[in-house]
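Asker: See work.cif below, with mmCIF, C-alpha atoms.
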```cif
data_query
#
loop_
_atom_site.label_atom_id
_atom_site.label_comp_id
_atom_site.auth_asym_id
_atom_site.auth_seq_id
_atom_site.Cartn_x
_atom_site.Cartn_y
_atom_site.Cartn_z
CA MET A 1 -33.36 -4.68 24.01
CA ALA A 2 -36.10 -7.08 22.95
CA ALA A 3 -34.86 -10.49 21.80
CA SER A 4 -36.66 -9.93 18.49
CA THR A 5 -34.41 -7.01 17.49
CA PRO A 6 -33.20 -7.91 14.01
CA VAL A 7 -29.45 -8.38 13.64
CA VAL A 8 -28.17 -5.41 11.65
CA GLU A 9 -25.44 -6.71 9.38
CA SER A 10 -22.58 -4.29 8.85
CA PRO A 11 -21.96 -3.47 5.18
CA LYS A 12 -19.54 -5.73 3.34
CA THR A 13 -15.99 -4.50 2.84
CA ARG A 14 -15.61 -3.85 -0.87
CA ILE A 15 -12.22 -4.84 -2.24
CA MET A 16 -11.39 -3.82 -5.79
CA MET A 17 -8.77 -5.94 -7.54
CA GLY A 18 -6.98 -4.84 -10.68
CA VAL A 19 -6.33 -8.01 -12.68
CA ASN A 20 -4.51 -8.55 -15.96
CA GLU A 21 -3.54 -11.25 -18.38
CA SER A 22 -0.26 -13.08 -18.41
CA SER A 23 2.29 -11.62 -20.81
CA MET A 24 3.94 -14.98 -21.30
CA LYS A 25 3.45 -16.87 -24.53
CA GLY A 26 1.79 -20.16 -23.93
CA TYR A 27 0.94 -19.22 -20.35
CA PRO A 28 -2.80 -18.96 -20.44
CA HIS A 29 -5.04 -16.42 -18.76
CA ALA A 30 -4.40 -14.52 -15.51
CA SER A 31 -0.95 -13.12 -14.76
CA ILE A 32 1.10 -14.62 -11.93
CA SER A 33 0.93 -11.38 -9.93
CA SER A 34 -2.86 -11.08 -10.33
CA LYS A 35 -3.26 -14.62 -9.03
CA SER A 36 -0.88 -13.95 -6.13
CA ALA A 37 -2.84 -10.82 -5.19
CA PHE A 38 -6.10 -12.77 -5.31
CA GLU A 39 -4.81 -15.67 -3.21
CA TRP A 40 -3.32 -13.27 -0.65
CA THR A 41 -6.67 -11.49 -0.34
CA ILE A 42 -8.53 -14.75 0.15
CA ASN A 43 -6.05 -16.34 2.57
CA LYS A 44 -4.91 -13.38 4.61
CA ILE A 45 -7.85 -10.98 4.63
CA ILE A 46 -11.12 -12.75 3.88
CA GLN A 47 -10.26 -16.14 5.43
CA SER A 48 -13.51 -17.85 6.48
CA ASN A 49 -15.38 -14.53 6.79
CA THR A 50 -16.71 -14.80 3.23
CA SER A 51 -19.96 -12.96 3.98
CA GLY A 52 -18.04 -9.89 5.15
CA PHE A 53 -16.53 -9.04 1.78
CA LYS A 54 -17.36 -8.31 -1.82
CA LEU A 55 -14.71 -8.51 -4.54
CA LEU A 56 -14.80 -6.18 -7.53
CA PHE A 57 -12.56 -7.43 -10.34
CA LEU A 58 -11.47 -4.82 -12.85
CA HIS A 59 -9.62 -5.77 -16.01
CA VAL A 60 -8.41 -2.87 -18.13
CA GLN A 61 -7.58 -3.69 -21.71
CA THR A 62 -4.98 -1.52 -23.39
CA PRO A 63 -6.01 -0.66 -26.95
CA ASP A 64 -3.64 -3.10 -28.65
CA GLU A 65 -2.52 -2.34 -32.15
CA ASP A 66 -2.08 -6.06 -32.78
CA ASP A 67 -5.83 -6.37 -32.80
CA LEU A 68 -6.59 -3.36 -34.96
CA PRO A 69 -7.41 -3.79 -38.62
CA ILE A 70 -4.18 -3.01 -40.41
CA ASN A 71 -5.79 -0.81 -43.08
CA MET A 72 -7.65 1.23 -40.47
CA HIS A 73 -4.51 1.21 -38.43
CA LEU A 74 -2.44 2.76 -41.15
CA ASN A 75 -5.09 5.34 -41.94
CA ASN A 76 -5.80 6.25 -38.35
CA LEU A 77 -2.45 6.76 -36.71
CA SER A 78 -4.19 8.61 -33.89
CA LEU A 79 -5.45 5.23 -32.78
CA LEU A 80 -1.89 4.14 -31.98
CA PRO A 81 -1.20 4.35 -28.26
CA HIS A 82 1.90 6.36 -27.38
CA GLY A 83 4.96 4.18 -27.62
CA GLY A 84 3.01 1.54 -29.54
CA ARG A 85 4.88 -1.69 -29.86
CA GLY A 86 4.46 -5.17 -31.22
CA ARG A 87 3.63 -6.40 -34.69
CA GLY A 88 1.26 -3.58 -35.66
CA ARG A 89 3.90 -1.00 -34.85
CA ARG A 90 6.51 -2.78 -36.86
CA ALA A 91 4.07 -2.92 -39.77
CA VAL A 92 3.65 0.86 -39.65
CA GLU A 93 7.37 1.38 -39.65
CA ALA A 94 7.76 -0.97 -42.56
CA TRP A 95 5.05 0.86 -44.50
CA ASP A 96 7.01 4.07 -44.08
CA SER A 97 10.34 2.41 -44.82
CA PRO A 98 12.06 2.49 -48.21
CA LYS A 99 11.21 -1.18 -48.59
CA GLY A 100 7.55 -0.24 -48.81
CA VAL A 101 4.97 -2.91 -48.11
CA SER A 102 7.51 -5.58 -47.32
CA GLY A 103 6.42 -4.93 -43.72
CA PHE A 104 3.39 -7.09 -44.36
CA ASP A 105 5.68 -10.11 -44.19
CA ASP A 106 5.76 -9.45 -40.49
CA VAL A 107 1.98 -9.30 -40.06
CA ASP A 108 -0.11 -12.26 -38.97
CA SER A 109 -3.51 -11.10 -40.23
CA ILE A 110 -4.77 -8.41 -42.57
CA TYR A 111 -8.14 -6.77 -41.97
CA ALA A 112 -9.83 -4.57 -44.51
CA SER A 113 -13.39 -3.69 -43.54
CA PRO A 114 -15.14 -1.86 -40.67
CA GLU A 115 -16.60 -5.20 -39.62
CA ASP A 116 -13.11 -6.28 -38.66
CA PHE A 117 -13.30 -3.75 -35.83
CA ARG A 118 -16.40 -5.46 -34.53
CA ASP A 119 -14.61 -8.78 -34.71
CA ALA A 120 -11.61 -7.38 -32.86
CA ASN A 121 -13.86 -5.93 -30.18
CA ARG A 122 -15.65 -9.25 -29.86
CA ARG A 123 -12.33 -11.05 -29.54
CA ASP A 124 -11.18 -8.58 -26.87
CA LYS A 125 -14.38 -9.14 -24.97
CA ILE A 126 -13.89 -12.88 -25.13
CA LYS A 127 -10.30 -12.54 -23.92
CA GLY A 128 -11.41 -10.28 -21.06
CA ALA A 129 -14.29 -12.55 -20.15
CA HIS A 130 -11.97 -15.54 -20.16
CA LEU A 131 -9.59 -13.82 -17.76
CA LEU A 132 -12.35 -12.70 -15.42
CA GLU A 133 -13.99 -16.12 -15.52
CA TYR A 134 -11.02 -17.50 -13.60
CA PHE A 135 -11.50 -15.07 -10.70
CA VAL A 136 -15.30 -15.18 -10.68
CA LYS A 137 -15.24 -19.00 -10.67
CA ARG A 138 -12.74 -19.13 -7.80
CA SER A 139 -14.78 -16.57 -5.82
CA HIS A 140 -17.93 -18.64 -6.26
CA GLU A 141 -16.12 -21.80 -5.14
CA ILE A 142 -14.95 -19.95 -2.02
CA GLY A 143 -18.37 -18.39 -1.48
CA VAL A 144 -17.45 -14.72 -1.62
CA ALA A 145 -19.66 -12.26 -3.53
CA CYS A 146 -18.08 -10.64 -6.57
CA GLU A 147 -18.55 -8.51 -9.65
CA ALA A 148 -16.31 -8.19 -12.67
CA TRP A 149 -15.79 -5.52 -15.34
CA VAL A 150 -13.76 -5.06 -18.49
CA LYS A 151 -12.78 -1.48 -19.35
CA LYS A 152 -10.60 -0.07 -22.12
CA GLY A 153 -7.85 2.47 -21.68
CA ASP A 154 -4.65 3.10 -19.78
CA PRO A 155 -4.83 0.64 -16.85
CA LYS A 156 -3.44 2.99 -14.20
CA GLU A 157 -5.74 5.84 -15.16
CA VAL A 158 -8.83 3.69 -15.54
CA ILE A 159 -8.22 2.01 -12.18
CA CYS A 160 -7.86 5.37 -10.40
CA HIS A 161 -10.95 6.67 -12.18
CA GLU A 162 -12.99 3.62 -11.14
CA VAL A 163 -11.75 3.94 -7.56
CA LYS A 164 -13.03 7.51 -7.52
CA ARG A 165 -16.36 6.42 -8.97
CA ILE A 166 -16.97 3.24 -6.93
CA GLN A 167 -15.10 4.17 -3.73
CA PRO A 168 -13.99 0.69 -2.62
CA ASP A 169 -12.63 0.20 0.90
CA LEU A 170 -9.38 -1.25 -0.43
CA LEU A 171 -7.66 -1.65 -3.78
CA VAL A 172 -5.44 -4.71 -4.20
CA VAL A 173 -3.03 -4.83 -7.13
CA GLY A 174 -0.36 -7.31 -8.07
CA ASN A 175 3.22 -6.29 -8.66
CA ARG A 176 6.08 -8.08 -10.36
CA GLY A 177 8.50 -6.98 -7.66
CA LEU A 178 11.00 -5.63 -10.19
CA GLY A 179 14.11 -3.72 -9.17
CA PRO A 180 14.28 0.03 -9.93
CA PHE A 181 16.26 -0.56 -13.15
CA GLN A 182 13.67 -2.89 -14.65
CA ARG A 183 10.83 -0.66 -13.42
CA VAL A 184 12.10 2.30 -15.43
CA PHE A 185 11.38 0.50 -18.66
CA VAL A 186 8.25 -1.35 -17.65
CA GLY A 187 6.54 1.25 -15.47
CA THR A 188 4.30 -0.11 -12.81
CA VAL A 189 0.58 0.34 -12.51
CA SER A 190 0.77 -0.43 -8.80
CA GLU A 191 3.16 2.45 -8.01
CA PHE A 192 0.86 4.88 -9.79
CA CYS A 193 -2.17 3.56 -7.91
CA VAL A 194 -0.43 3.82 -4.52
CA LYS A 195 0.33 7.46 -5.29
CA HIS A 196 -2.90 8.57 -6.93
CA CYS A 197 -5.87 6.35 -6.04
CA GLU A 198 -8.25 7.85 -3.49
CA CYS A 199 -8.53 4.76 -1.30
CA PRO A 200 -6.16 2.52 0.67
CA VAL A 201 -4.03 0.49 -1.74
CA VAL A 202 -2.01 -2.63 -1.11
CA THR A 203 0.35 -4.15 -3.65
CA ILE A 204 1.18 -7.82 -3.53
CA LYS A 205 4.42 -9.07 -5.01
CA ARG A 206 4.83 -12.44 -6.66
CA SER A 207 6.67 -14.89 -4.45
CA ALA A 208 10.29 -15.49 -5.46
CA ASN A 209 9.62 -19.06 -6.54
CA GLU A 210 6.97 -17.89 -9.01
CA THR A 211 9.21 -15.43 -10.84
CA PRO A 212 9.60 -16.49 -14.47
CA GLN A 213 12.96 -16.65 -16.23
CA ASP A 214 12.59 -13.05 -17.40
CA PRO A 215 11.18 -11.16 -14.40
CA VAL A 216 9.57 -8.62 -16.72
CA ASP A 217 7.26 -11.44 -17.83
CA ASP A 218 4.23 -12.06 -15.67
CA MET B 1 -13.92 -38.03 6.35
CA ALA B 2 -14.93 -39.11 9.86
CA ALA B 3 -17.07 -36.61 11.75
CA SER B 4 -14.50 -36.63 14.54
CA THR B 5 -11.76 -35.09 12.36
CA PRO B 6 -10.50 -32.13 14.35
CA VAL B 7 -11.02 -28.72 12.79
CA VAL B 8 -7.59 -27.46 11.77
CA GLU B 9 -7.55 -23.74 12.42
CA SER B 10 -5.59 -21.76 9.86
CA PRO B 11 -2.91 -19.53 11.36
CA LYS B 12 -3.97 -16.01 12.34
CA THR B 13 -3.17 -13.20 9.93
CA ARG B 14 -0.53 -11.05 11.65
CA ILE B 15 -1.01 -7.34 11.06
CA MET B 16 1.75 -5.02 12.22
CA MET B 17 0.68 -1.44 12.94
CA GLY B 18 3.14 1.40 13.26
CA VAL B 19 1.66 3.80 15.81
CA ASN B 20 2.89 7.15 17.06
CA GLU B 21 1.97 9.91 19.45
CA SER B 22 0.08 13.01 18.59
CA SER B 23 2.30 15.97 17.80
CA MET B 24 -0.34 18.43 18.97
CA LYS B 25 0.11 20.24 22.26
CA GLY B 26 -2.66 19.39 24.64
CA TYR B 27 -3.88 16.56 22.42
CA PRO B 28 -3.10 13.52 24.47
CA HIS B 29 -1.76 10.17 23.34
CA ALA B 30 -2.22 8.48 19.94
CA SER B 31 -1.99 10.52 16.74
CA ILE B 32 -5.10 11.02 14.63
CA SER B 33 -3.64 9.02 11.76
CA SER B 34 -2.64 6.10 14.03
CA LYS B 35 -6.18 5.96 15.36
CA SER B 36 -7.64 6.15 11.83
CA ALA B 37 -5.41 3.29 10.71
CA PHE B 38 -6.47 1.21 13.71
CA GLU B 39 -10.20 1.84 13.23
CA TRP B 40 -9.92 1.07 9.50
CA THR B 41 -8.21 -2.25 10.27
CA ILE B 42 -10.88 -3.18 12.80
CA ASN B 43 -13.90 -2.09 10.75
CA LYS B 44 -12.83 -3.02 7.23
CA ILE B 45 -10.50 -5.99 7.63
CA ILE B 46 -11.06 -7.78 10.92
CA GLN B 47 -14.82 -7.09 11.31
CA SER B 48 -16.35 -9.82 13.46
CA ASN B 49 -13.61 -12.32 12.55
CA THR B 50 -11.58 -11.43 15.65
CA SER B 51 -10.09 -14.90 16.07
CA GLY B 52 -8.56 -14.76 12.59
CA PHE B 53 -6.12 -11.94 13.33
CA LYS B 54 -3.36 -10.85 15.64
CA LEU B 55 -2.30 -7.21 15.90
CA LEU B 56 1.32 -6.25 16.53
CA PHE B 57 1.63 -2.63 17.65
CA LEU B 58 5.02 -1.06 17.15
CA HIS B 59 5.84 2.36 18.54
CA VAL B 60 9.24 3.76 17.60
CA GLN B 61 10.54 6.57 19.76
CA THR B 62 12.90 9.00 18.10
CA PRO B 63 15.82 9.84 20.40
CA ASP B 64 14.60 13.29 21.43
CA GLU B 65 17.17 15.81 22.47
CA ASP B 66 14.58 17.51 24.67
CA ASP B 67 14.80 14.54 27.00
CA LEU B 68 18.57 14.23 27.06
CA PRO B 69 20.59 15.61 29.97
CA ILE B 70 21.94 18.92 28.71
CA ASN B 71 25.48 18.35 30.02
CA MET B 72 25.69 14.94 28.40
CA HIS B 73 24.09 16.41 25.36
CA LEU B 74 26.69 19.06 24.96
CA ASN B 75 29.53 16.59 25.55
CA ASN B 76 28.12 13.92 23.28
CA LEU B 77 27.12 15.70 20.10
CA SER B 78 27.05 12.32 18.35
CA LEU B 79 23.86 11.69 20.28
CA LEU B 80 22.12 14.45 18.34
CA PRO B 81 19.98 13.03 15.56
CA HIS B 82 20.72 14.51 12.12
CA GLY B 83 18.81 17.73 11.70
CA GLY B 84 18.14 17.88 15.45
CA ARG B 85 15.50 20.43 16.32
CA GLY B 86 13.59 21.72 19.33
CA ARG B 87 14.82 23.21 22.55
CA GLY B 88 17.94 21.05 22.98
CA ARG B 89 19.20 22.02 19.56
CA ARG B 90 18.64 25.68 20.20
CA ALA B 91 20.55 25.32 23.50
CA VAL B 92 23.53 23.84 21.65
CA GLU B 93 23.47 26.66 19.14
CA ALA B 94 23.29 29.21 21.94
CA TRP B 95 26.25 27.57 23.72
CA ASP B 96 28.30 28.02 20.58
CA SER B 97 27.06 31.56 20.00
CA PRO B 98 28.93 34.73 21.02
CA LYS B 99 26.34 35.25 23.73
CA GLY B 100 27.63 32.13 25.49
CA VAL B 101 25.38 30.42 28.01
CA SER B 102 22.47 32.77 27.49
CA GLY B 103 20.98 29.86 25.53
CA PHE B 104 20.01 28.30 28.85
CA ASP B 105 17.23 30.87 29.07
CA ASP B 106 15.54 28.78 26.43
CA VAL B 107 15.85 25.46 28.32
CA ASP B 108 13.14 24.01 30.54
CA SER B 109 15.24 21.62 32.62
CA ILE B 110 18.91 21.08 33.27
CA TYR B 111 20.26 17.61 33.98
CA ALA B 112 23.75 16.96 35.24
CA SER B 113 24.30 13.33 36.21
CA PRO B 114 24.18 9.92 34.48
CA GLU B 115 21.11 9.12 36.59
CA ASP B 116 19.24 11.73 34.58
CA PHE B 117 19.54 9.42 31.58
CA ARG B 118 17.83 6.69 33.55
CA ASP B 119 15.04 9.10 34.47
CA ALA B 120 14.64 10.18 30.85
CA ASN B 121 14.51 6.56 29.73
CA ARG B 122 11.92 5.81 32.39
CA ARG B 123 9.85 8.80 31.26
CA ASP B 124 10.09 7.64 27.62
CA LYS B 125 8.98 4.18 28.62
CA ILE B 126 5.99 5.61 30.46
CA LYS B 127 5.06 7.77 27.44
CA GLY B 128 5.38 4.78 25.11
CA ALA B 129 3.42 2.52 27.44
CA HIS B 130 0.71 5.13 27.73
CA LEU B 131 0.36 5.34 23.94
CA LEU B 132 0.29 1.58 23.49
CA GLU B 133 -2.17 1.15 26.34
CA TYR B 134 -4.81 2.85 24.18
CA PHE B 135 -4.46 0.31 21.37
CA VAL B 136 -4.04 -2.73 23.60
CA LYS B 137 -7.14 -1.75 25.62
CA ARG B 138 -9.23 -1.24 22.48
CA SER B 139 -8.04 -4.57 21.06
CA HIS B 140 -9.02 -6.37 24.26
CA GLU B 141 -12.46 -4.73 24.23
CA ILE B 142 -12.94 -5.92 20.64
CA GLY B 143 -11.53 -9.34 21.43
CA VAL B 144 -8.62 -9.45 19.02
CA ALA B 145 -5.23 -10.81 20.14
CA CYS B 146 -2.39 -8.31 20.23
CA GLU B 147 1.17 -7.56 21.25
CA ALA B 148 2.88 -4.20 21.63
CA TRP B 149 6.48 -3.03 21.54
CA VAL B 150 8.40 0.18 22.06
CA LYS B 151 11.65 0.55 20.10
CA LYS B 152 14.09 3.44 19.79
CA GLY B 153 15.50 4.79 16.56
CA ASP B 154 14.49 6.20 13.22
CA PRO B 155 10.84 5.09 12.85
CA LYS B 156 11.01 4.21 9.16
CA GLU B 157 14.17 2.15 9.55
CA VAL B 158 13.08 0.40 12.72
CA ILE B 159 9.70 -0.49 11.18
CA CYS B 160 11.33 -1.99 8.08
CA HIS B 161 13.83 -3.85 10.26
CA GLU B 162 11.05 -5.29 12.45
CA VAL B 163 9.07 -6.29 9.35
CA LYS B 164 12.10 -8.24 8.15
CA ARG B 165 12.50 -9.87 11.55
CA ILE B 166 8.86 -10.66 12.35
CA GLN B 167 7.50 -11.11 8.80
CA PRO B 168 3.91 -9.94 9.35
CA ASP B 169 1.30 -10.62 6.66
CA LEU B 170 0.46 -6.92 6.38
CA LEU B 171 1.83 -3.63 7.67
CA VAL B 172 -0.71 -0.85 8.29
CA VAL B 173 0.58 2.69 8.78
CA GLY B 174 -1.25 5.95 9.15
CA ASN B 175 -0.57 8.91 6.91
CA ARG B 176 -1.41 12.57 7.29
CA GLY B 177 -2.43 12.79 3.64
CA LEU B 178 -0.23 15.82 3.03
CA GLY B 179 0.27 17.31 -0.40
CA PRO B 180 3.69 16.93 -2.07
CA PHE B 181 4.82 20.39 -0.92
CA GLN B 182 4.21 19.70 2.75
CA ARG B 183 5.65 16.19 2.42
CA VAL B 184 9.02 17.56 1.32
CA PHE B 185 9.56 19.16 4.70
CA VAL B 186 7.91 16.57 6.88
CA GLY B 187 8.99 13.37 5.16
CA THR B 188 6.65 10.46 5.52
CA VAL B 189 7.36 7.20 7.23
CA SER B 190 4.56 5.55 5.25
CA GLU B 191 6.10 6.34 1.85
CA PHE B 192 9.41 4.85 2.97
CA CYS B 193 7.67 1.71 4.26
CA VAL B 194 5.69 1.24 1.04
CA LYS B 195 8.95 1.34 -0.90
CA HIS B 196 11.24 -0.63 1.38
CA CYS B 197 9.34 -2.97 3.73
CA GLU B 198 9.41 -6.61 2.74
CA CYS B 199 5.69 -7.26 3.20
CA PRO B 200 2.42 -5.86 1.83
CA VAL B 201 1.89 -2.33 3.18
CA VAL B 202 -1.27 -0.27 3.30
CA THR B 203 -1.34 3.37 4.31
CA ILE B 204 -4.48 4.90 5.76
CA LYS B 205 -5.07 8.61 5.48
CA ARG B 206 -6.90 10.66 8.08
CA SER B 207 -10.40 11.56 6.99
CA ALA B 208 -10.82 15.16 5.86
CA ASN B 209 -12.97 16.09 8.84
CA GLU B 210 -10.22 14.99 11.25
CA THR B 211 -7.51 17.18 9.76
CA PRO B 212 -6.30 19.71 12.35
CA GLN B 213 -5.87 23.42 11.57
CA ASP B 214 -2.25 22.83 10.55
CA PRO B 215 -2.28 19.61 8.50
CA VAL B 216 1.34 18.93 9.49
CA ASP B 217 0.03 18.37 13.02
CA ASP B 218 -1.30 14.92 13.76
#
```
Starting from the coordinates I provided, produce the structure as structure tokens.
Answerer:
Amino acid sequence: MAASTPVVESPKTRIMMGVNESSMKGYPHASISSKSAFEWTINKIIQSNTSGFKLLFLHVQTPDEDDLPINMHLNNLSLLPHGGRGRGRRAVEAWDSPKGVSGFDDVDSIYASPEDFRDANRRDKIKGAHLLEYFVKRSHEIGVACEAWVKKGDPKEVICHEVKRIQPDLLVVGNRGLGPFQRVFVGTVSEFCVKHCECPVVTIKRSANETPQDPVDD
Amino acid sequence: MAASTPVVESPKTRIMMGVNESSMKGYPHASISSKSAFEWTINKIIQSNTSGFKLLFLHVQTPDEDDLPINMHLNNLSLLPHGGRGRGRRAVEAWDSPKGVSGFDDVDSIYASPEDFRDANRRDKIKGAHLLEYFVKRSHEIGVACEAWVKKGDPKEVICHEVKRIQPDLLVVGNRGLGPFQRVFVGTVSEFCVKHCECPVVTIKRSANETPQDPVDD
């Protein structure tokens, strides 16, 4: 072959990473297991071969009743996710309870107009952007190409849907490494993805020394 | 830092690969799914970064009653794996049947002395070496460091045990990509490893165009 033959670069391996926020109060931003999954990918897979990979960060926000305008909330019960929990849920129960509106004692904020939805959406976007900023910043420092999205819905279903659409070479998801008993109550996105996503999936557990006091936290 | 500071190489990522033989008659050597898993690892993970990885090939041979001396077999039923199948099993059933020794009609070879065990072991070793030769040769061509072992036992249990002992950074196993109905009868080593191995595990399915007529074959 002539020496001038251009070097044909093989396509980058596209790794999708499902990332989520920490559930711990006062623990800001990315969850421990998301960070572990990211660091494992960088250290064990990408290493110094940064030009061979592209990272696709996907953060799926669950519609959270805490952020819904309470008035709209109470008038639009269909908006409640199945098994809704948290303050909003308790407010609904209180509204239906014999004690009437006393439930509002338990509510941090009251929203009353359609604009509040816009505000909630904006706040969600900011939260999502904040989370993704961590991973995008780290990727840029390391020198690996990346993209990041925020989507709304059920994380496990949205991740599998995006895998089908984008067809990454590998999906990496974090996992709290809970025992079967704890898993029953928490459910794990990673188990669902291993079973249903149409691409190779690897789940990365937190290391033992990073497990918080309550292992269900992350 | 001084320009003479030696470059500290980070340790190689150690990828264990569970590999097995093809179950198809006349299809020699490595199974389709083992080959798919190997090619995926080379093309998508290692790429040109061959010095950053070490491959550990593990082939687990199931004690196969076809290769056991029939006399010893019949006198040492504890040697039969649970749910033993194939010619040896049928011979045992025939021995116990009212028709007596007519079961021998169904047997290819009859062994009678302890030396036959040695021969069977030697034959197993040759089969295992032959399988591993494929992967070791390919790894050398590509320029990636590797090691290969043959072990005896239940593949899923031996793989998990070796993971615990060797602590690889990643375990890659092939998978026939069977539906749940077919899986019930075949069982899958990969599902067991995903659940029980103490390291990140990725399973690689055969591509659709490599699926043989009977998908249970591999």
Asker: Of the candidates B:Pro11, B:Gly128, B:Pro63, B:Pro200, which one gets nearest to chain A if we count only C-alpha atoms?
Answerer: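 Of all the options, B:Pro200 lies closest to chain A.
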Asker: So how far away is CA of Thr41 in chain A from CA of Gly174 in chain A, in Å?
Answerer: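 Computing it gives 10.8 Å between the two atoms.
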Asker: Please write the residues picked by the PyMOL selection byres ((chain A and resi 204-210) around 6) on this file as a list in words.
Answerer: Ser33, Ser36, Ala37, Gly174, Asn175, Arg176, Gly177, Thr203 and Thr211 of chain A; Pro200 of chain B
Asker: Given the selection you just returned, output its residues as a file containing C-alpha atoms, formatted as a short mmCIF file (atom, residue, chain, number, x, y, z; two decimals), keeping the file's coordinate frame.
Answerer:
```
data_model
loop_
_atom_site.label_atom_id
_atom_site.label_comp_id
_atom_site.auth_asym_id
_atom_site.auth_seq_id
_atom_site.Cartn_x
_atom_site.Cartn_y
_atom_site.Cartn_z
CA SER A 33 0.93 -11.38 -9.93
CA SER A 36 -0.88 -13.95 -6.13
CA ALA A 37 -2.84 -10.82 -5.19
CA GLY A 174 -0.36 -7.31 -8.07
CA ASN A 175 3.22 -6.29 -8.66
CA ARG A 176 6.08 -8.08 -10.36
CA GLY A 177 8.50 -6.98 -7.66
CA THR A 203 0.35 -4.15 -3.65
CA THR A 211 9.21 -15.43 -10.84
CA PRO B 200 2.42 -5.86 1.83
#
```
Asker: Identify all residues satisfying the PyMOL selection byres ((chain B) within 9 of (chain A)) in the given file; provide them as a list in words.
Answerer: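 Taken on the displayed file, the PyMOL selection byres ((chain B) within 9 of (chain A)) yields the residues Ser10, Lys12, Thr13, Arg14, Asn43, Lys44, Ile45, Ile46, Gln47, Ser48, Asn49, Gly52, Phe53, Asp169, Leu170, Val194, Cys199, Pro200, Val201, Val202, Thr203, Ile204 and Lys205 of chain B.
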Asker: Quick one: pull the distance between CA of Met16 in chain B and CA of Leu58 in chain A, Å, one decimal.
Answerer: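 About the pair CA of Met16 in chain B and CA of Leu58 in chain A: they are 28.3 Å apart.
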Asker: Step by step, gather every atom of range 191-202 of chain B that the file lists, find the box along x, y and z that holds them, add 6 Å on each side, and finally give centre and edge lengths in Å to one decimal, as AutoDock Vina command-line options.
Answerer:
```
--center_x 5.0 --center_y -0.5 --center_z 1.7 --size_x 24.5 --size_y 25.6 --size_z 17.2
```
Asker: May I ask for the distance between CA of Pro168 in chain A and CA of Ser23 in chain A, given in Å to one decimal place?
Answerer: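 Value for the CA of Pro168 in chain A-CA of Ser23 in chain A distance: 27.3 Å.
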Asker: The PyMOL selection byres ((chain B and resi 62) around 7) - which residues does that actually catch in the file I just gave you? List them as a list in words.
Answerer: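 The output of the PyMOL selection byres ((chain B and resi 62) around 7) on this file is Val60, Gln61, Pro63, Asp64, Lys152, Gly153, Asp154 and Pro155 of chain B.
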Asker: Any chance you can output those residues with C-alpha atoms as a CSV table (one decimal), keeping the file's coordinate frame?
Answerer:
```csv
chain,number,residue,atom,x,y,z
B,60,VAL,CA,9.2,3.8,17.6
B,61,GLN,CA,10.5,6.6,19.8
B,63,PRO,CA,15.8,9.8,20.4
B,64,ASP,CA,14.6,13.3,21.4
B,152,LYS,CA,14.1,3.4,19.8
B,153,GLY,CA,15.5,4.8,16.6
B,154,ASP,CA,14.5,6.2,13.2
B,155,PRO,CA,10.8,5.1,12.8
```
Asker: Kindly indicate which residue among B:Ile142, B:Leu132, B:Ile126, B:Val189 lies nearest to Ile42 in chain B, using all atoms listed in the file for the distances.
Answerer: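 For Ile42 in chain B, the nearest of the candidates is B:Ile142.
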Asker: Closest to Lys54 in chain A among A:Glu157, A:Glu162, A:Asp214, A:Glu147, using all atoms listed in the file?
Answerer: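 Counting all atoms listed in the file, the residue closest to Lys54 in chain A is A:Glu147.
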Asker: Please determine, counting all atoms listed in the file, which residue among B:Gly143, B:Met17, B:Val216, B:Glu115 has the shortest atom-to-atom distance to Ile159 in chain B.
Answerer: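 Closest to Ile159 in chain B, using all atoms listed in the file: B:Met17.
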